[in-house]
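Novice: Got a file for you: structure_26.pdb, PDB, N, CA and C atoms.
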ATOM      1  N   MET A   1       9.052  -4.090  21.984
ATOM      2  CA  MET A   1       7.690  -4.371  22.370
ATOM      3  C   MET A   1       6.700  -3.465  21.645
ATOM      4  N   ALA A   2       7.119  -2.270  21.327
ATOM      5  CA  ALA A   2       6.223  -1.344  20.628
ATOM      6  C   ALA A   2       5.887  -1.858  19.229
ATOM      7  N   THR A   3       6.842  -2.506  18.587
ATOM      8  CA  THR A   3       6.569  -3.014  17.242
ATOM      9  C   THR A   3       5.573  -4.168  17.273
ATOM     10  N   THR A   4       5.596  -4.976  18.319
ATOM     11  CA  THR A   4       4.637  -6.074  18.445
ATOM     12  C   THR A   4       3.233  -5.528  18.622
ATOM     13  N   ASP A   5       3.086  -4.504  19.457
ATOM     14  CA  ASP A   5       1.775  -3.886  19.657
ATOM     15  C   ASP A   5       1.260  -3.273  18.370
ATOM     16  N   THR A   6       2.124  -2.624  17.627
ATOM     17  CA  THR A   6       1.736  -2.008  16.367
ATOM     18  C   THR A   6       1.314  -3.072  15.359
ATOM     19  N   ARG A   7       2.060  -4.164  15.302
ATOM     20  CA  ARG A   7       1.735  -5.246  14.382
ATOM     21  C   ARG A   7       0.396  -5.885  14.749
ATOM     22  N   ASP A   8       0.145  -6.063  16.051
ATOM     23  CA  ASP A   8      -1.127  -6.631  16.498
ATOM     24  C   ASP A   8      -2.296  -5.728  16.132
ATOM     25  N   ARG A   9      -2.127  -4.440  16.288
ATOM     26  CA  ARG A   9      -3.195  -3.487  15.928
ATOM     27  C   ARG A   9      -3.446  -3.487  14.430
ATOM     28  N   THR A  10      -2.384  -3.582  13.658
ATOM     29  CA  THR A  10      -2.529  -3.616  12.201
ATOM     30  C   THR A  10      -3.305  -4.855  11.775
ATOM     31  N   GLU A  11      -2.975  -5.996  12.351
ATOM     32  CA  GLU A  11      -3.692  -7.231  12.027
ATOM     33  C   GLU A  11      -5.151  -7.150  12.458
ATOM     34  N   LEU A  12      -5.411  -6.551  13.606
ATOM     35  CA  LEU A  12      -6.780  -6.406  14.084
ATOM     36  C   LEU A  12      -7.588  -5.519  13.145
ATOM     37  N   LEU A  13      -7.009  -4.412  12.697
ATOM     38  CA  LEU A  13      -7.711  -3.522  11.768
ATOM     39  C   LEU A  13      -7.925  -4.183  10.415
ATOM     40  N   LYS A  14      -6.948  -4.961   9.957
ATOM     41  CA  LYS A  14      -7.096  -5.663   8.686
ATOM     42  C   LYS A  14      -8.253  -6.658   8.777
ATOM     43  N   ASN A  15      -8.290  -7.414   9.865
ATOM     44  CA  ASN A  15      -9.361  -8.390  10.047
ATOM     45  C   ASN A  15     -10.718  -7.709  10.211
ATOM     46  N   ALA A  16     -10.752  -6.582  10.879
ATOM     47  CA  ALA A  16     -12.017  -5.851  11.045
ATOM     48  C   ALA A  16     -12.538  -5.370   9.693
ATOM     49  N   GLY A  17     -11.648  -4.927   8.826
ATOM     50  CA  GLY A  17     -12.053  -4.495   7.488
ATOM     51  C   GLY A  17     -12.648  -5.623   6.676
ATOM     52  N   VAL A  18     -12.069  -6.794   6.781
ATOM     53  CA  VAL A  18     -12.581  -7.959   6.061
ATOM     54  C   VAL A  18     -13.949  -8.343   6.609
ATOM     55  N   VAL A  19     -14.078  -8.355   7.933
ATOM     56  CA  VAL A  19     -15.342  -8.747   8.562
ATOM     57  C   VAL A  19     -16.455  -7.762   8.216
ATOM     58  N   THR A  20     -16.188  -6.476   8.260
ATOM     59  CA  THR A  20     -17.241  -5.507   7.942
ATOM     60  C   THR A  20     -17.652  -5.587   6.472
ATOM     61  N   THR A  21     -16.703  -5.880   5.599
ATOM     62  CA  THR A  21     -17.047  -6.050   4.186
ATOM     63  C   THR A  21     -17.900  -7.297   3.994
ATOM     64  N   LEU A  22     -17.592  -8.355   4.729
ATOM     65  CA  LEU A  22     -18.415  -9.562   4.668
ATOM     66  C   LEU A  22     -19.832  -9.298   5.186
ATOM     67  N   VAL A  23     -19.941  -8.504   6.240
ATOM     68  CA  VAL A  23     -21.265  -8.149   6.772
ATOM     69  C   VAL A  23     -22.043  -7.351   5.725
ATOM     70  N   ASP A  24     -21.375  -6.416   5.057
ATOM     71  CA  ASP A  24     -22.025  -5.650   3.986
ATOM     72  C   ASP A  24     -22.498  -6.579   2.865
ATOM     73  N   ALA A  25     -21.683  -7.580   2.530
ATOM     74  CA  ALA A  25     -22.052  -8.528   1.476
ATOM     75  C   ALA A  25     -23.286  -9.324   1.879
ATOM     76  N   VAL A  26     -23.337  -9.786   3.114
ATOM     77  CA  VAL A  26     -24.498 -10.534   3.596
ATOM     78  C   VAL A  26     -25.747  -9.669   3.572
ATOM     79  N   MET A  27     -25.609  -8.415   3.946
ATOM     80  CA  MET A  27     -26.752  -7.496   3.921
ATOM     81  C   MET A  27     -27.258  -7.288   2.490
ATOM     82  N   GLU A  28     -26.351  -7.190   1.541
ATOM     83  CA  GLU A  28     -26.744  -7.024   0.146
ATOM     84  C   GLU A  28     -27.475  -8.267  -0.360
ATOM     85  N   PHE A  29     -26.953  -9.448  -0.020
ATOM     86  CA  PHE A  29     -27.622 -10.686  -0.418
ATOM     87  C   PHE A  29     -29.015 -10.773   0.201
ATOM     88  N   SER A  30     -29.148 -10.340   1.462
ATOM     89  CA  SER A  30     -30.451 -10.411   2.122
ATOM     90  C   SER A  30     -31.463  -9.439   1.515
ATOM     91  N   LYS A  31     -30.979  -8.375   0.899
ATOM     92  CA  LYS A  31     -31.852  -7.408   0.237
ATOM     93  C   LYS A  31     -32.153  -7.805  -1.210
ATOM     94  N   GLY A  32     -31.577  -8.925  -1.651
ATOM     95  CA  GLY A  32     -31.825  -9.394  -3.010
ATOM     96  C   GLY A  32     -30.898  -8.799  -4.053
ATOM     97  N   ARG A  33     -29.865  -8.131  -3.629
ATOM     98  CA  ARG A  33     -28.906  -7.523  -4.558
ATOM     99  C   ARG A  33     -27.719  -8.474  -4.719
ATOM    100  N   ARG A  34     -27.899  -9.468  -5.601
ATOM    101  CA  ARG A  34     -26.886 -10.515  -5.748
ATOM    102  C   ARG A  34     -25.581 -10.002  -6.341
ATOM    103  N   LYS A  35     -25.654  -9.104  -7.310
ATOM    104  CA  LYS A  35     -24.425  -8.603  -7.937
ATOM    105  C   LYS A  35     -23.592  -7.787  -6.947
ATOM    106  N   SER A  36     -24.263  -6.921  -6.190
ATOM    107  CA  SER A  36     -23.548  -6.121  -5.192
ATOM    108  C   SER A  36     -22.965  -7.012  -4.102
ATOM    109  N   GLY A  37     -23.718  -8.027  -3.701
ATOM    110  CA  GLY A  37     -23.225  -8.963  -2.694
ATOM    111  C   GLY A  37     -22.006  -9.719  -3.171
ATOM    112  N   ALA A  38     -22.039 -10.157  -4.418
ATOM    113  CA  ALA A  38     -20.897 -10.879  -4.985
ATOM    114  C   ALA A  38     -19.682  -9.956  -5.107
ATOM    115  N   LEU A  39     -19.921  -8.713  -5.498
ATOM    116  CA  LEU A  39     -18.833  -7.744  -5.603
ATOM    117  C   LEU A  39     -18.178  -7.533  -4.238
ATOM    118  N   LEU A  40     -19.000  -7.370  -3.209
ATOM    119  CA  LEU A  40     -18.461  -7.153  -1.867
ATOM    120  C   LEU A  40     -17.785  -8.409  -1.315
ATOM    121  N   LEU A  41     -18.292  -9.562  -1.682
ATOM    122  CA  LEU A  41     -17.662 -10.807  -1.254
ATOM    123  C   LEU A  41     -16.262 -10.928  -1.864
ATOM    124  N   GLY A  42     -16.148 -10.591  -3.136
ATOM    125  CA  GLY A  42     -14.837 -10.586  -3.781
ATOM    126  C   GLY A  42     -13.917  -9.531  -3.196
ATOM    127  N   ALA A  43     -14.486  -8.373  -2.875
ATOM    128  CA  ALA A  43     -13.686  -7.301  -2.279
ATOM    129  C   ALA A  43     -13.171  -7.708  -0.906
ATOM    130  N   ALA A  44     -13.960  -8.475  -0.168
ATOM    131  CA  ALA A  44     -13.505  -8.953   1.148
ATOM    132  C   ALA A  44     -12.330  -9.904   0.980
ATOM    133  N   ALA A  45     -12.382 -10.742  -0.048
ATOM    134  CA  ALA A  45     -11.276 -11.664  -0.304
ATOM    135  C   ALA A  45      -9.999 -10.906  -0.658
ATOM    136  N   VAL A  46     -10.129  -9.898  -1.494
ATOM    137  CA  VAL A  46      -8.961  -9.087  -1.873
ATOM    138  C   VAL A  46      -8.481  -8.267  -0.682
ATOM    139  N   SER A  47      -9.417  -7.838   0.145
ATOM    140  CA  SER A  47      -9.087  -7.011   1.302
ATOM    141  C   SER A  47      -8.230  -7.765   2.314
ATOM    142  N   SER A  48      -8.271  -9.088   2.277
ATOM    143  CA  SER A  48      -7.407  -9.845   3.177
ATOM    144  C   SER A  48      -5.943  -9.685   2.790
ATOM    145  N   ARG A  49      -5.688  -9.347   1.536
ATOM    146  CA  ARG A  49      -4.315  -9.095   1.062
ATOM    147  C   ARG A  49      -3.981  -7.604   1.000
ATOM    148  N   ILE A  50      -4.973  -6.790   0.624
ATOM    149  CA  ILE A  50      -4.774  -5.346   0.481
ATOM    150  C   ILE A  50      -5.698  -4.647   1.474
ATOM    151  N   PRO A  51      -5.169  -4.222   2.620
ATOM    152  CA  PRO A  51      -6.017  -3.599   3.640
ATOM    153  C   PRO A  51      -6.722  -2.355   3.111
ATOM    154  N   GLY A  52      -8.011  -2.246   3.421
ATOM    155  CA  GLY A  52      -8.774  -1.079   3.020
ATOM    156  C   GLY A  52      -9.488  -1.222   1.693
ATOM    157  N   PHE A  53      -9.181  -2.247   0.936
ATOM    158  CA  PHE A  53      -9.793  -2.413  -0.369
ATOM    159  C   PHE A  53     -11.297  -2.653  -0.259
ATOM    160  N   GLY A  54     -11.691  -3.492   0.662
ATOM    161  CA  GLY A  54     -13.110  -3.788   0.852
ATOM    162  C   GLY A  54     -13.894  -2.573   1.284
ATOM    163  N   THR A  55     -13.305  -1.787   2.156
ATOM    164  CA  THR A  55     -13.951  -0.559   2.612
ATOM    165  C   THR A  55     -14.118   0.419   1.459
ATOM    166  N   ALA A  56     -13.101   0.523   0.626
ATOM    167  CA  ALA A  56     -13.176   1.421  -0.524
ATOM    168  C   ALA A  56     -14.265   0.986  -1.496
ATOM    169  N   VAL A  57     -14.356  -0.309  -1.754
ATOM    170  CA  VAL A  57     -15.389  -0.820  -2.660
ATOM    171  C   VAL A  57     -16.770  -0.568  -2.080
ATOM    172  N   SER A  58     -16.919  -0.773  -0.786
ATOM    173  CA  SER A  58     -18.202  -0.542  -0.129
ATOM    174  C   SER A  58     -18.615   0.929  -0.235
ATOM    175  N   LEU A  59     -17.674   1.821  -0.001
ATOM    176  CA  LEU A  59     -17.973   3.255  -0.108
ATOM    177  C   LEU A  59     -18.311   3.654  -1.540
ATOM    178  N   LEU A  60     -17.570   3.130  -2.505
ATOM    179  CA  LEU A  60     -17.855   3.443  -3.907
ATOM    180  C   LEU A  60     -19.218   2.909  -4.337
ATOM    181  N   LEU A  61     -19.572   1.736  -3.848
ATOM    182  CA  LEU A  61     -20.873   1.152  -4.163
ATOM    183  C   LEU A  61     -22.008   2.007  -3.600
ATOM    184  N   ARG A  62     -21.829   2.478  -2.372
ATOM    185  CA  ARG A  62     -22.849   3.353  -1.768
ATOM    186  C   ARG A  62     -22.954   4.686  -2.499
ATOM    187  N   ALA A  63     -21.814   5.254  -2.883
ATOM    188  CA  ALA A  63     -21.822   6.524  -3.622
ATOM    189  C   ALA A  63     -22.484   6.348  -4.982
ATOM    190  N   TYR A  64     -22.188   5.252  -5.655
ATOM    191  CA  TYR A  64     -22.805   4.981  -6.952
ATOM    192  C   TYR A  64     -24.329   4.867  -6.810
ATOM    193  N   ARG A  65     -24.757   4.163  -5.790
ATOM    194  CA  ARG A  65     -26.197   3.964  -5.590
ATOM    195  C   ARG A  65     -26.893   5.292  -5.253
ATOM    196  N   ARG A  66     -26.204   6.151  -4.509
ATOM    197  CA  ARG A  66     -26.775   7.455  -4.150
ATOM    198  C   ARG A  66     -26.866   8.388  -5.354
ATOM    199  N   LEU A  67     -25.852   8.357  -6.204
ATOM    200  CA  LEU A  67     -25.829   9.264  -7.357
ATOM    201  C   LEU A  67     -26.650   8.750  -8.520
ATOM    202  N   ARG A  68     -27.039   7.492  -8.501
ATOM    203  CA  ARG A  68     -27.789   6.905  -9.595
ATOM    204  C   ARG A  68     -29.194   7.401  -9.664
TER     205      ARG A  68
END
Let's see the structure in the file written out as structure tokens.
Specialist:
Amino acid sequence: MATTDTRDRTELLKNAGVVTTLVDAVMEFSKGRRKSGALLLGAAAVSSRIPGFGTAVSLLLRAYRRLR
């Protein structure tokens, strides 16, 4: 039973990562940043296969914008 709970939590976290990346993409599109929005949209798609990828792209995008 412990493995089922762990698997459910992993799936929930994976889905949450995809959803938050999609929200970031929508926010970028609403601000008129089409390239950043498209990048985050693609990262959300990849994040469905590789957990954490979308979050990493979002953080790197924010760091790039801050250091620019």
Novice: Would you compute the distance between atom CA of A:Arg33 and atom N of A:Lys14? Give it in Å to one decimal.
Specialist: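 Taking atom CA of A:Arg33 and atom N of A:Lys14, their separation equals 26.4 Å.
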Novice: If I take atom C of A:Gly42 and atom CA of A:Gly54, how far is one from the other in Å, to one decimal?
Specialist: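 Distance between the two atoms: 7.1 Å.
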Novice: Taking the file as shown, find all residues satisfying the PyMOL selection byres (((chain A and resi 43 and name CA) around 8) and name CA) and write them as a list in words.
Specialist: Thr21, Leu39, Leu40, Leu41, Gly42, Ala44, Ala45, Val46, Ser47, Phe53, Gly54 and Val57 of chain A
Novice: Could you take the residues named above and write them with N, CA and C atoms, as a PDB file, keeping the file's coordinate frame?
Specialist:
ATOM      1  N   THR A  21     -16.703  -5.880   5.599  1.00  0.00           N
ATOM      2  CA  THR A  21     -17.047  -6.050   4.186  1.00  0.00           C
ATOM      3  C   THR A  21     -17.900  -7.297   3.994  1.00  0.00           C
ATOM      4  N   LEU A  39     -19.921  -8.713  -5.498  1.00  0.00           N
ATOM      5  CA  LEU A  39     -18.833  -7.744  -5.603  1.00  0.00           C
ATOM      6  C   LEU A  39     -18.178  -7.533  -4.238  1.00  0.00           C
ATOM      7  N   LEU A  40     -19.000  -7.370  -3.209  1.00  0.00           N
ATOM      8  CA  LEU A  40     -18.461  -7.153  -1.867  1.00  0.00           C
ATOM      9  C   LEU A  40     -17.785  -8.409  -1.315  1.00  0.00           C
ATOM     10  N   LEU A  41     -18.292  -9.562  -1.682  1.00  0.00           N
ATOM     11  CA  LEU A  41     -17.662 -10.807  -1.254  1.00  0.00           C
ATOM     12  C   LEU A  41     -16.262 -10.928  -1.864  1.00  0.00           C
ATOM     13  N   GLY A  42     -16.148 -10.591  -3.136  1.00  0.00           N
ATOM     14  CA  GLY A  42     -14.837 -10.586  -3.781  1.00  0.00           C
ATOM     15  C   GLY A  42     -13.917  -9.531  -3.196  1.00  0.00           C
ATOM     16  N   ALA A  44     -13.960  -8.475  -0.168  1.00  0.00           N
ATOM     17  CA  ALA A  44     -13.505  -8.953   1.148  1.00  0.00           C
ATOM     18  C   ALA A  44     -12.330  -9.904   0.980  1.00  0.00           C
ATOM     19  N   ALA A  45     -12.382 -10.742  -0.048  1.00  0.00           N
ATOM     20  CA  ALA A  45     -11.276 -11.664  -0.304  1.00  0.00           C
ATOM     21  C   ALA A  45      -9.999 -10.906  -0.658  1.00  0.00           C
ATOM     22  N   VAL A  46     -10.129  -9.898  -1.494  1.00  0.00           N
ATOM     23  CA  VAL A  46      -8.961  -9.087  -1.873  1.00  0.00           C
ATOM     24  C   VAL A  46      -8.481  -8.267  -0.682  1.00  0.00           C
ATOM     25  N   SER A  47      -9.417  -7.838   0.145  1.00  0.00           N
ATOM     26  CA  SER A  47      -9.087  -7.011   1.302  1.00  0.00           C
ATOM     27  C   SER A  47      -8.230  -7.765   2.314  1.00  0.00           C
ATOM     28  N   PHE A  53      -9.181  -2.247   0.936  1.00  0.00           N
ATOM     29  CA  PHE A  53      -9.793  -2.413  -0.369  1.00  0.00           C
ATOM     30  C   PHE A  53     -11.297  -2.653  -0.259  1.00  0.00           C
ATOM     31  N   GLY A  54     -11.691  -3.492   0.662  1.00  0.00           N
ATOM     32  CA  GLY A  54     -13.110  -3.788   0.852  1.00  0.00           C
ATOM     33  C   GLY A  54     -13.894  -2.573   1.284  1.00  0.00           C
ATOM     34  N   VAL A  57     -14.356  -0.309  -1.754  1.00  0.00           N
ATOM     35  CA  VAL A  57     -15.389  -0.820  -2.660  1.00  0.00           C
ATOM     36  C   VAL A  57     -16.770  -0.568  -2.080  1.00  0.00           C
TER      37      VAL A  57
END
Novice: Let me know the residues the PyMOL selection byres ((chain A and resi 25) around 7) catches in the file above, as a VMD selection string.
Specialist: chain A and resid 20 to 24 26 to 30 36 to 41
Novice: Restrict the selected residues to N, CA and C atoms and save them as a PDB file, in the frame of the given file.
Specialist:
ATOM      1  N   THR A  20     -16.188  -6.476   8.260  1.00  0.00           N
ATOM      2  CA  THR A  20     -17.241  -5.507   7.942  1.00  0.00           C
ATOM      3  C   THR A  20     -17.652  -5.587   6.472  1.00  0.00           C
ATOM      4  N   THR A  21     -16.703  -5.880   5.599  1.00  0.00           N
ATOM      5  CA  THR A  21     -17.047  -6.050   4.186  1.00  0.00           C
ATOM      6  C   THR A  21     -17.900  -7.297   3.994  1.00  0.00           C
ATOM      7  N   LEU A  22     -17.592  -8.355   4.729  1.00  0.00           N
ATOM      8  CA  LEU A  22     -18.415  -9.562   4.668  1.00  0.00           C
ATOM      9  C   LEU A  22     -19.832  -9.298   5.186  1.00  0.00           C
ATOM     10  N   VAL A  23     -19.941  -8.504   6.240  1.00  0.00           N
ATOM     11  CA  VAL A  23     -21.265  -8.149   6.772  1.00  0.00           C
ATOM     12  C   VAL A  23     -22.043  -7.351   5.725  1.00  0.00           C
ATOM     13  N   ASP A  24     -21.375  -6.416   5.057  1.00  0.00           N
ATOM     14  CA  ASP A  24     -22.025  -5.650   3.986  1.00  0.00           C
ATOM     15  C   ASP A  24     -22.498  -6.579   2.865  1.00  0.00           C
ATOM     16  N   VAL A  26     -23.337  -9.786   3.114  1.00  0.00           N
ATOM     17  CA  VAL A  26     -24.498 -10.534   3.596  1.00  0.00           C
ATOM     18  C   VAL A  26     -25.747  -9.669   3.572  1.00  0.00           C
ATOM     19  N   MET A  27     -25.609  -8.415   3.946  1.00  0.00           N
ATOM     20  CA  MET A  27     -26.752  -7.496   3.921  1.00  0.00           C
ATOM     21  C   MET A  27     -27.258  -7.288   2.490  1.00  0.00           C
ATOM     22  N   GLU A  28     -26.351  -7.190   1.541  1.00  0.00           N
ATOM     23  CA  GLU A  28     -26.744  -7.024   0.146  1.00  0.00           C
ATOM     24  C   GLU A  28     -27.475  -8.267  -0.360  1.00  0.00           C
ATOM     25  N   PHE A  29     -26.953  -9.448  -0.020  1.00  0.00           N
ATOM     26  CA  PHE A  29     -27.622 -10.686  -0.418  1.00  0.00           C
ATOM     27  C   PHE A  29     -29.015 -10.773   0.201  1.00  0.00           C
ATOM     28  N   SER A  30     -29.148 -10.340   1.462  1.00  0.00           N
ATOM     29  CA  SER A  30     -30.451 -10.411   2.122  1.00  0.00           C
ATOM     30  C   SER A  30     -31.463  -9.439   1.515  1.00  0.00           C
ATOM     31  N   SER A  36     -24.263  -6.921  -6.190  1.00  0.00           N
ATOM     32  CA  SER A  36     -23.548  -6.121  -5.192  1.00  0.00           C
ATOM     33  C   SER A  36     -22.965  -7.012  -4.102  1.00  0.00           C
ATOM     34  N   GLY A  37     -23.718  -8.027  -3.701  1.00  0.00           N
ATOM     35  CA  GLY A  37     -23.225  -8.963  -2.694  1.00  0.00           C
ATOM     36  C   GLY A  37     -22.006  -9.719  -3.171  1.00  0.00           C
ATOM     37  N   ALA A  38     -22.039 -10.157  -4.418  1.00  0.00           N
ATOM     38  CA  ALA A  38     -20.897 -10.879  -4.985  1.00  0.00           C
ATOM     39  C   ALA A  38     -19.682  -9.956  -5.107  1.00  0.00           C
ATOM     40  N   LEU A  39     -19.921  -8.713  -5.498  1.00  0.00           N
ATOM     41  CA  LEU A  39     -18.833  -7.744  -5.603  1.00  0.00           C
ATOM     42  C   LEU A  39     -18.178  -7.533  -4.238  1.00  0.00           C
ATOM     43  N   LEU A  40     -19.000  -7.370  -3.209  1.00  0.00           N
ATOM     44  CA  LEU A  40     -18.461  -7.153  -1.867  1.00  0.00           C
ATOM     45  C   LEU A  40     -17.785  -8.409  -1.315  1.00  0.00           C
ATOM     46  N   LEU A  41     -18.292  -9.562  -1.682  1.00  0.00           N
ATOM     47  CA  LEU A  41     -17.662 -10.807  -1.254  1.00  0.00           C
ATOM     48  C   LEU A  41     -16.262 -10.928  -1.864  1.00  0.00           C
TER      49      LEU A  41
END
Novice: Provide the atom N of A:Thr6 to atom CA of A:Thr55 distance in Å, to one decimal place.
Specialist: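 Interatomic distance here is 22.1 Å.
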Novice: Using the file's own x, y and z axes, what box holds all listed atoms of stretch 41-55 of chain A with 4 Å on each side, keeping edges along x, y and z, and what are its centre and edge lengths in Å to one decimal, as AutoDock Vina command-line options?
Specialist:
--center_x -11.1 --center_y -5.6 --center_z -0.1 --size_x 22.3 --size_y 20.1 --size_z 15.4
Novice: In terms of the shortest atom-to-atom distance over only C-alpha atoms, which of A:Leu60, A:Pro51, A:Gly32, A:Leu67 is closest to A:Val19?
Specialist: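 Selected residue with least distance to A:Val19: A:Pro51.
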Novice: Using DSSP secondary structure from the backbone, list all alpha helix (DSSP H) positions within stretch 7-56 of chain A, as a ChimeraX atom specification.
Specialist: /A:7-30,34-47,53-56
Novice: For A:Ser48, which residue among A:Leu12, A:Arg7, A:Leu61, A:Val18 is the nearest when counting all atoms listed in the file?
Specialist: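 Going through A:Leu12, A:Arg7, A:Leu61, A:Val18 one by one, the smallest distance to A:Ser48 is for A:Val18.
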